[in-house]
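Reviewing the structure listed below.
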Amino acid sequence: MTLDGTNTWVLREPGAERSIVVDPGPLDDAHLDAVAEIAGQVDFVLVTHHHIDHTEAARSFAERMGCGVRGLDAAQCWRSDPVTDGEVVDVGGLRAEVITTPGHTADSISLVVDADRALLTGDMVLGRGTTVIVHPDGDLGGYFESIAKMRALVAEGRVESLWPAHGPVLPDAAGVLDHYVAHRRERLGQVEAALTRLGLAPADLPPDVAEHPTLPREVVEVVYSDVDESLWGAAEWSVRAQLAYLAKR
């Protein structure tokens with residue numbers, strides 16, 4: 001589920017001593033030693049969301065480097081305040097803007113690095129494939145809004161490439177974001193077609209449809225009929241998020 005593992009980003013202005021370390025990842029001594037060696041003086045550790053493959057080492061690494069931990073959710077912070085939407089951090093001349101981008105999780109954030117015309121996306125965009133939106137923390141409506149916010153940054157000329165938390169850098173931000181939207185709309189169409197086969201329409205769905213005891217699995221059996229059944233459990237959580245979106249649309 002983490003592709004090549006979690007990318008840890010060390011953000012530092014060329015020649016500067018101070019840095020920000022984004023998503024130190026799991027407790028992997030060799031990895032953390034390598035990060036510490038190149039990070040210099042760390043102003044703070046930043047986590048893009050609460051999933052453990054991003055946060056497990058956050059506090060111990062911050063203790064090691066003598067700094068705090070920041071994130072959108074105060075529960076993820078240590079000896080530092082939460083970040084806020086639109087906040088611009090300036091560390092040793094490097095400027096980056098925090099953008100709230102819920103969808104993958106409620107507390108997901110991205111970071112615009114204007115000097116590189118880059119956007120650190122956390123798990124909202126992956127280096128390969130598409131991200132997972134798992135009910136109830138994942139929200140498809142928020143996801144579409146966040147992708148639109150990212151796309152607007154591209155249209156403004158502030159972002160050209162995407163720096164994901166898993167997988168390689170993506171140089172064509174516009175193409176990737178457009179593909180993400182098209183893929184998700186296609187999957188939604190498949191879910192709507194499955195509902196039709198089951199004798200239902202989105203207008204028939206109650207607000208709490210994501211908690212329905214049987215309907216999400218019934219949809220999975222139609223949409224993912226060509227997928228190994230061992231993957232149906234994970235697919236069901238994604239379908240629950242899609243049904244919740246359709247019920248509110």
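Each chain in the structure tokens gets a letter, A, B and so on, in the order shown; residues start at 1 in every chain, and ligands are counted from 1 in the order they appear.
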
Worksheet entry | Non-local contacts of A:Leu198 (10 Å; only C-alpha atoms; under 5 positions in same chain excluded) as number ranges by chain | A: 192-193, 215, 218-219, 222

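Near stretch 169-178 of chain A, within 7 Å and counting only C-alpha atoms, sit Gly127, Ile147, Arg151, Val154, Glu160, Ser161, Leu162 and Trp163 of chain A; same-chain residues fewer than 6 positions away were not included.
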
Worksheet, complete the sentence: Students should find that atom CA of A:Thr121 and atom CA of A:Gly68 are spaced 21.3 Å

Distance table requested - stretch 122-239 of chain A against stretch 6-17 of chain A, cut-off 9 Å, only C-alpha atoms: one row per qualifying residue with the closest atom pair and its distance in Å to one decimal, ordered by chain and rising residue number, as a Markdown table.
```
| residue | atom | partner | partner_atom | distance |
| --- | --- | --- | --- | --- |
| A:Gly122 | CA | A:Asn7 | CA | 9.0 |
| A:Trp163 | CA | A:Trp9 | CA | 8.8 |
| A:Pro164 | CA | A:Asn7 | CA | 7.4 |
| A:Ala165 | CA | A:Asn7 | CA | 4.8 |
| A:His166 | CA | A:Thr6 | CA | 5.2 |
| A:Gly167 | CA | A:Asn7 | CA | 7.5 |
| A:Pro168 | CA | A:Asn7 | CA | 8.8 |
```

Worksheet entry | Nearest to A:Glu145 by atom-to-atom distance, counting only C-alpha atoms, from A:Val69, A:Ala62, A:Val181, A:Leu46 |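 For A:Glu145, the nearest of the given residues is A:Val181.
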
Worksheet entry | For stretch 140-144 of chain A: contacts at 8 Å, only C-alpha atoms, fewer than 6 positions along chain excluded, given as a VMD selection string | chain A and resid 101 to 104 124 133 181 241 to 242 245
